[in-house]
Structure formats: C-alpha cells, structure tokens
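*Asks:* Here it is, the structure in full.
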Amino acid sequence: MFKGRAWKADRFGDPETVLQIGTDIWEEPPPGSVLVKVAACGLGLPDKFMTEGRYPIVATPPVKPGQEVSGRVVSVPSGSAFRTGERVMGITLYGDGWWRGGLADYAFVQERKCLRVPDSMTDESAAGFTIGFRTAHAGLIERVPVACGQRILVLGAAGSSGAAAICLSKALGCEIFALASSEDKRRFCQSIGADHVFDYRQEGWVEAVMDATQGHGIDVIFDPVGGSTAKQALATLAPAARIALIGFASGTWLDLDAQDMVLRNYSAIGVFSGGFSAEEESQAYARLERMARDGEITTPLGNVFEFEKAGEAICLLETPGPGKTVVRVAEGSPGLSGS
C-alpha cells in the first residue's frame, strides 16, 4: 500500500475551483499495469474537459486528471515485463476511475503503453513524450505513411501533437511546413525543426505555402485542428496527396467534399492512436523508444508548472503556449538523474 498527495475534484466545474489536493492510497497494481512513483505529469486538453465534465470517458465525478507520467516503478504484478526501480514513462489508467490519473505522487501506468526512459531524457520531457509521439507515429508512420523528402503541412503546429509531428517528420527526412497563430509559436516551431512557418490568420497564407513548394503543393497534411483552417489547407494539396485527420481542436471536424476529393485525386485518412492491435502497438512503442534513446526525437516542451499550480495549468490548456505542458510532481525533481 502506498500513500501520497493527489489532485482530484469531487464535482465537475472550473479546474481552479473544483480541483483540490488531497491524500490517496494506492494498492498493488492490477494486472496489465505497473505502479509508478510520479516525477512529472504531462497535461493535455482532455484533462481540462474531464474536469469540466465534457469528456465522455469520465462520465461522473469525482475525477482525477493526468493522462501521462514519468517516474520510477515501485510495484508490479506477477509476470510483468518491468522491474521495480526502472525509470519509465507512459499513459495512466485515467479513464478507469477517478483515482487513476497522474497528477499525484503515485499513478498506475498501462503496461502496454509504458516505455523505459533514456538516461539522457529529463523527467519533464519523459512525462510529455508518450501521447504526442504515439499520435504522430500513428498518423505519419502507420496510417499515411510519409516518406523521406515529402512535404508535410502541420496544422496546430505548436500544440502537443502538432509539435511531436514536426519532430517525427524531421527525423523521417521530410520538409516541414508549419501553421501557428503567434510569433512566439512560429519561432518555437522553427526551433524544433520546421523548415517553413506561416500565420494562418493572415490573408494569403495558402498562396505563400504554394510558393514555398515551388508550385508542387503539399504531400501530406497532419490535421489535429479541423474546421475552417483545415478546409483552406486542402487547397495546398498536391495531386495524389493525403490528409491525416487527427482531431478537432477548432471545435469541428474537417468537412470533406467527396466530389473535390475525386476530381483532385486526394485521400483523407482517419487516425486514432488507440485503434491498433496489441502487436501493432508494441511495435510502435518499441520504435519510439529506440528513436528517443538514439536522440532522433525528444519532447517539444512548453511550460512546466510546480505541483501546487496544477489547477492553473489545466485552466490554461484551452489557449496554451507553445509545446507540451507539464507539471513537476516530485519535490526537487533532479531531471537527468531521475526521481
């Protein structure tokens, strides 16, 4: 049995109002999971939605957010592939009950979605690695896939999945075109590997993208945004191009026109990182773990908050700054040396 702090809400509502730090107890991990002493917790928009009651997986309060963590294994069930003391990163059991999230001193991590952390990776970077890169891998390697030298247009490029897509595309040898709304976000995209950046709020950005491709057009669009921006982006597609439908951060999915797809000969491909077999998932995580270990990809970190500021951090997820938002959980987190 383990005892520690945990952020939780007994009712749905504004995160800064309903989330409170309490004390919880963690029993031994159920089969298929490991118990981790949390060093840091990565946050995403679903954490805000679940706290507000807008996330279907968590239908009733109380709620305890935190989808991904880094830390050290403290307990494993019989037959586990992991050992106590190993430094890991992975996805929590946040959807299985209010006590399962990662904004706490301890968290249960799904073993099939758990990776060993390279020695060179900080706790904070490890906490924000798994979801963003698993999503990017699903879109750019498993579902599309992309090839070296292709032109990739990333929408919402400064966000968690968009930034991961930039890093992964760069590692795959692609030429990257990034859309972002502010100067600091565009600078961030350039700093992590984007070759060309554009402000989608400015008139003429579609023409600017086409000019940058010397009229060839874009081979693959990575779209976690949807809505009007994605609709405009279709005009940049080259013949036989593809668009990977990742999400709808704008509030609406991309509205596709079948006739336009036929006449211009492009494809739309749905991407759900949770829709793969156990074997496919194992292969994807093995590749991501190797790429991280070899230094080919690393988490595009954004703001890092202290544990006491987690409620504030979740509120800011509606309009976040560039990069992955992370909460440092362990007091005095020592970064490279782990927790």
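Ligands are numbered from 1 in the order shown, chains are lettered A, B, ... in the order of the structure tokens, and residues start at 1 in each chain.
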Find the residues near A:Pro300: any atom within 8 Å, counting only C-alpha atoms, skip ones fewer than 2 places away on the same chain, and give them as a list in words.
*Replies:*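 The neighbour list is Ser125, Ser160, Ala163, Ala164, Cys167, Ile192, Thr298, Gly302, Gly323 and Lys324 of chain A.
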*Asks:* Keeping C-alpha atoms for every residue in the selection just given, could you write it to a file as a PDB file, in the first residue's frame?
*Replies:*
ATOM      1  CA  SER A 125      10.464  15.620 -21.143  1.00  0.00           C
ATOM      2  CA  SER A 160       1.344  18.907 -28.309  1.00  0.00           C
ATOM      3  CA  ALA A 163       4.911  19.729 -32.330  1.00  0.00           C
ATOM      4  CA  ALA A 164       5.509  15.985 -31.992  1.00  0.00           C
ATOM      5  CA  CYS A 167       9.895  16.359 -34.613  1.00  0.00           C
ATOM      6  CA  ILE A 192      12.108  22.196 -33.217  1.00  0.00           C
ATOM      7  CA  THR A 298      12.629  14.461 -27.976  1.00  0.00           C
ATOM      8  CA  GLY A 302       6.471  24.140 -23.241  1.00  0.00           C
ATOM      9  CA  GLY A 323       4.878  22.998 -26.650  1.00  0.00           C
ATOM     10  CA  LYS A 324       3.832  20.334 -24.168  1.00  0.00           C
TER      11      LYS A 324
END
*Asks:* Looking only at the backbone, which of the residues in stretch 48-290 of chain A does DSSP tag as alpha helix (DSSP H), as a PyMOL selection string?
*Replies:* chain A and resi 48-52+123-127+130-137+160-171+183-191+205-212+227-233+258-264+278-290
*Asks:* Write a file of the just-selected residues containing C-alpha atoms, as a short mmCIF file (atom, residue, chain, number, x, y, z; two decimals), in the first residue's frame.
*Replies:*
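Saved result, selection.cif, follows:
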data_model
loop_
_atom_site.label_atom_id
_atom_site.label_comp_id
_atom_site.auth_asym_id
_atom_site.auth_seq_id
_atom_site.Cartn_x
_atom_site.Cartn_y
_atom_site.Cartn_z
CA LYS A 48 -9.49 20.16 -18.80
CA PHE A 49 -12.50 18.56 -20.47
CA MET A 50 -12.71 15.71 -17.95
CA THR A 51 -12.53 18.13 -15.02
CA GLU A 52 -15.33 20.21 -16.53
CA ASP A 123 11.65 13.68 -16.05
CA GLU A 124 9.71 16.58 -17.54
CA SER A 125 10.46 15.62 -21.14
CA ALA A 126 9.59 11.98 -20.42
CA ALA A 127 6.24 12.99 -18.90
CA THR A 130 4.08 9.24 -24.93
CA ILE A 131 0.74 10.63 -26.13
CA GLY A 132 2.08 13.22 -28.57
CA PHE A 133 4.55 10.89 -30.25
CA ARG A 134 2.19 7.91 -30.26
CA THR A 135 -0.35 10.09 -32.09
CA ALA A 136 2.27 11.38 -34.53
CA HIS A 137 3.55 7.84 -35.15
CA SER A 160 1.34 18.91 -28.31
CA SER A 161 0.56 16.55 -31.20
CA GLY A 162 1.50 19.10 -33.87
CA ALA A 163 4.91 19.73 -32.33
CA ALA A 164 5.51 15.99 -31.99
CA ALA A 165 4.58 15.63 -35.67
CA ILE A 166 7.22 18.22 -36.58
CA CYS A 167 9.89 16.36 -34.61
CA LEU A 168 8.96 12.96 -36.03
CA SER A 169 8.66 14.29 -39.60
CA LYS A 170 12.10 15.84 -39.28
CA ALA A 171 13.54 12.53 -38.10
CA GLU A 183 5.11 34.93 -33.47
CA ASP A 184 6.36 33.05 -30.40
CA LYS A 185 4.63 29.87 -31.58
CA ARG A 186 6.14 30.20 -35.05
CA ARG A 187 9.60 30.72 -33.55
CA PHE A 188 9.01 27.63 -31.41
CA CYS A 189 8.10 25.59 -34.50
CA GLN A 190 11.29 26.68 -36.22
CA SER A 191 13.34 25.81 -33.14
CA TRP A 205 -1.12 32.04 -46.36
CA VAL A 206 -2.34 29.36 -48.78
CA GLU A 207 -0.60 31.09 -51.68
CA ALA A 208 2.52 31.52 -49.54
CA VAL A 209 2.64 27.77 -48.86
CA MET A 210 2.26 27.02 -52.57
CA ASP A 211 5.03 29.48 -53.42
CA ALA A 212 7.32 27.81 -50.86
CA GLY A 227 -12.64 23.48 -39.05
CA SER A 228 -12.04 26.33 -41.48
CA THR A 229 -8.25 26.21 -41.28
CA ALA A 230 -8.17 22.60 -42.42
CA LYS A 231 -10.69 23.42 -45.16
CA GLN A 232 -8.41 26.15 -46.50
CA ALA A 233 -5.38 23.85 -46.23
CA ALA A 258 -16.30 13.86 -51.90
CA GLN A 259 -16.52 15.38 -55.36
CA ASP A 260 -13.48 17.58 -54.69
CA MET A 261 -11.55 14.52 -53.42
CA VAL A 262 -12.38 12.61 -56.59
CA LEU A 263 -11.65 15.41 -59.07
CA ARG A 264 -8.36 16.38 -57.38
CA ALA A 278 -1.56 -5.16 -29.15
CA GLU A 279 1.15 -6.34 -31.54
CA GLU A 280 0.98 -3.17 -33.65
CA GLU A 281 1.06 -1.02 -30.53
CA SER A 282 4.06 -2.90 -29.16
CA GLN A 283 5.95 -2.35 -32.41
CA ALA A 284 5.09 1.36 -32.42
CA TYR A 285 6.24 1.91 -28.85
CA ALA A 286 9.42 -0.09 -29.46
CA ARG A 287 10.28 2.16 -32.42
CA LEU A 288 9.51 5.34 -30.46
CA GLU A 289 11.58 4.13 -27.51
CA ARG A 290 14.52 3.40 -29.83
#
*Asks:* Closest to A:Val304 among A:Gly71, A:Gly13, A:Gly42, A:Gly247, using only C-alpha atoms?
*Replies:*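 Comparing A:Gly71, A:Gly13, A:Gly42, A:Gly247 against A:Val304, the winner is A:Gly42.
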*Asks:* Could you tell me, as a ChimeraX atom specification, which residues of stretch 61-291 of chain A DSSP assigns to strand (DSSP E or B) when given the backbone?
*Replies:* /A:63,68-75,87-92,104,106-116,151-154,175-180,196-199,218-223,237-245,267-270
*Asks:* Could you work out how far atom CA of A:Arg11 lies from atom CA of A:Val63, giving the answer in Å with one decimal?
*Replies:*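 Interatomic distance, atom CA of A:Val63 to atom CA of A:Arg11: 7.5 Å.
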*Asks:* Leaving out A:Asp199 and any residue of its chain fewer than 3 positions from it, which residues lie within 6 Å of it when counting only C-alpha atoms, given as a CSV table (one decimal) with N, CA and C atoms, in the first residue's frame?
*Replies:*
chain,number,residue,atom,x,y,z
A,179,LEU,N,1.9,25.6,-39.5
A,179,LEU,CA,0.9,26.7,-39.3
A,179,LEU,C,0.8,27.0,-37.8
A,180,ALA,N,0.9,28.3,-37.4
A,180,ALA,CA,0.8,28.6,-36.0
A,180,ALA,C,0.3,30.1,-35.9
A,181,SER,N,-0.3,30.5,-34.8
A,181,SER,CA,-1.1,31.7,-34.8
A,181,SER,C,-0.3,32.9,-34.3
A,202,GLN,N,-3.4,35.2,-41.3
A,202,GLN,CA,-3.1,36.2,-42.3
A,202,GLN,C,-3.7,35.8,-43.7
*Asks:* For A:Gly149, list every protein, DNA or RNA residue within 10 Å, evaluated using only C-alpha atoms, and leave out those in the same chain fewer than 2 positions away; present the list as a PyMOL selection string.
*Replies:* chain A and resi 146-147+151-152+169-170+172-176+219
*Asks:* Just the selected residues (C-alpha atoms), exported as a PDB file, in the first residue's frame, please.
*Replies:*
ATOM      1  CA  VAL A 146       5.081   9.517 -45.130  1.00  0.00           C
ATOM      2  CA  ALA A 147       8.370   9.098 -46.985  1.00  0.00           C
ATOM      3  CA  ARG A 151       6.395  17.920 -47.935  1.00  0.00           C
ATOM      4  CA  ILE A 152       4.352  17.809 -44.713  1.00  0.00           C
ATOM      5  CA  SER A 169       8.662  14.287 -39.597  1.00  0.00           C
ATOM      6  CA  LYS A 170      12.101  15.844 -39.280  1.00  0.00           C
ATOM      7  CA  LEU A 172      11.961  10.854 -41.145  1.00  0.00           C
ATOM      8  CA  GLY A 173      13.639  13.287 -43.544  1.00  0.00           C
ATOM      9  CA  CYS A 174      10.592  15.325 -44.553  1.00  0.00           C
ATOM     10  CA  GLU A 175      10.334  19.013 -45.470  1.00  0.00           C
ATOM     11  CA  ILE A 176       8.059  20.603 -42.866  1.00  0.00           C
ATOM     12  CA  ASP A 219       2.110  15.758 -49.992  1.00  0.00           C
TER      13      ASP A 219
END
*Asks:* Give me the residues within 12 Å of A:Asp14 as a list in words, counting only C-alpha atoms and dropping any in the same chain fewer than 3 places off.
*Replies:*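 These residues fall inside the cut-off: Ala9, Asp10, Arg11, Thr17, Val18, Leu19, Gln20, Asp47, Lys48, Phe49, Met50, Thr51, Glu52, Gly53, Arg54, Gly311, Glu312, Ala313, Ile314, Cys315, Leu316 and Glu318 of chain A.
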*Asks:* Excluding A:Ile218 and any residue of its chain fewer than 5 positions from it, enumerate the residues within 6 Å of it, using only C-alpha atoms, and give them as a list of chain:residue names.
*Replies:*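 Once the adjacent positions are removed, what remains is A:Arg151, A:Thr236, A:Leu237, A:Ala238.
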*Asks:* Work out how far apart atom CA of A:Phe305 and atom CA of A:Val326 are and give it in Å to one decimal.
*Replies:* 6.3 Å
*Asks:* Can you pull out every residue within 9 Å of A:Ile21, counting only C-alpha atoms, but drop anything in the same chain fewer than 4 positions away, and send it as a PyMOL selection string?
*Replies:* chain A and resi 5-9+104+308
*Asks:* Write a file of the selected residues as a PDB file, in the first residue's frame, keeping N, CA and C atoms.
*Replies:*
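What ended up in again11.pdb:
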ATOM      1  N   ARG A   5      -0.008  12.415  -2.072  1.00  0.00           N
ATOM      2  CA  ARG A   5      -0.872  13.522  -2.496  1.00  0.00           C
ATOM      3  C   ARG A   5      -1.522  13.221  -3.846  1.00  0.00           C
ATOM      4  N   ALA A   6      -2.671  13.834  -4.075  1.00  0.00           N
ATOM      5  CA  ALA A   6      -3.334  13.683  -5.378  1.00  0.00           C
ATOM      6  C   ALA A   6      -4.274  14.863  -5.604  1.00  0.00           C
ATOM      7  N   TRP A   7      -4.237  15.384  -6.834  1.00  0.00           N
ATOM      8  CA  TRP A   7      -5.225  16.375  -7.248  1.00  0.00           C
ATOM      9  C   TRP A   7      -6.505  15.640  -7.643  1.00  0.00           C
ATOM     10  N   LYS A   8      -7.637  16.092  -7.136  1.00  0.00           N
ATOM     11  CA  LYS A   8      -8.913  15.487  -7.518  1.00  0.00           C
ATOM     12  C   LYS A   8     -10.045  16.486  -7.330  1.00  0.00           C
ATOM     13  N   ALA A   9     -11.142  16.231  -8.028  1.00  0.00           N
ATOM     14  CA  ALA A   9     -12.332  17.078  -7.942  1.00  0.00           C
ATOM     15  C   ALA A   9     -13.530  16.205  -7.611  1.00  0.00           C
ATOM     16  N   ALA A 104      -0.493  13.166  -9.229  1.00  0.00           N
ATOM     17  CA  ALA A 104      -0.434  12.588  -7.888  1.00  0.00           C
ATOM     18  C   ALA A 104       0.968  12.050  -7.641  1.00  0.00           C
ATOM     19  N   GLU A 308       1.761  22.465  -7.059  1.00  0.00           N
ATOM     20  CA  GLU A 308       0.713  23.287  -6.441  1.00  0.00           C
ATOM     21  C   GLU A 308      -0.027  24.152  -7.456  1.00  0.00           C
TER      22      GLU A 308
END
*Asks:* At what distance in Å, to one decimal, does atom CA of A:Pro118 lie from atom CA of A:Glu27?
*Replies:*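 A separation of 27.8 Å between them.
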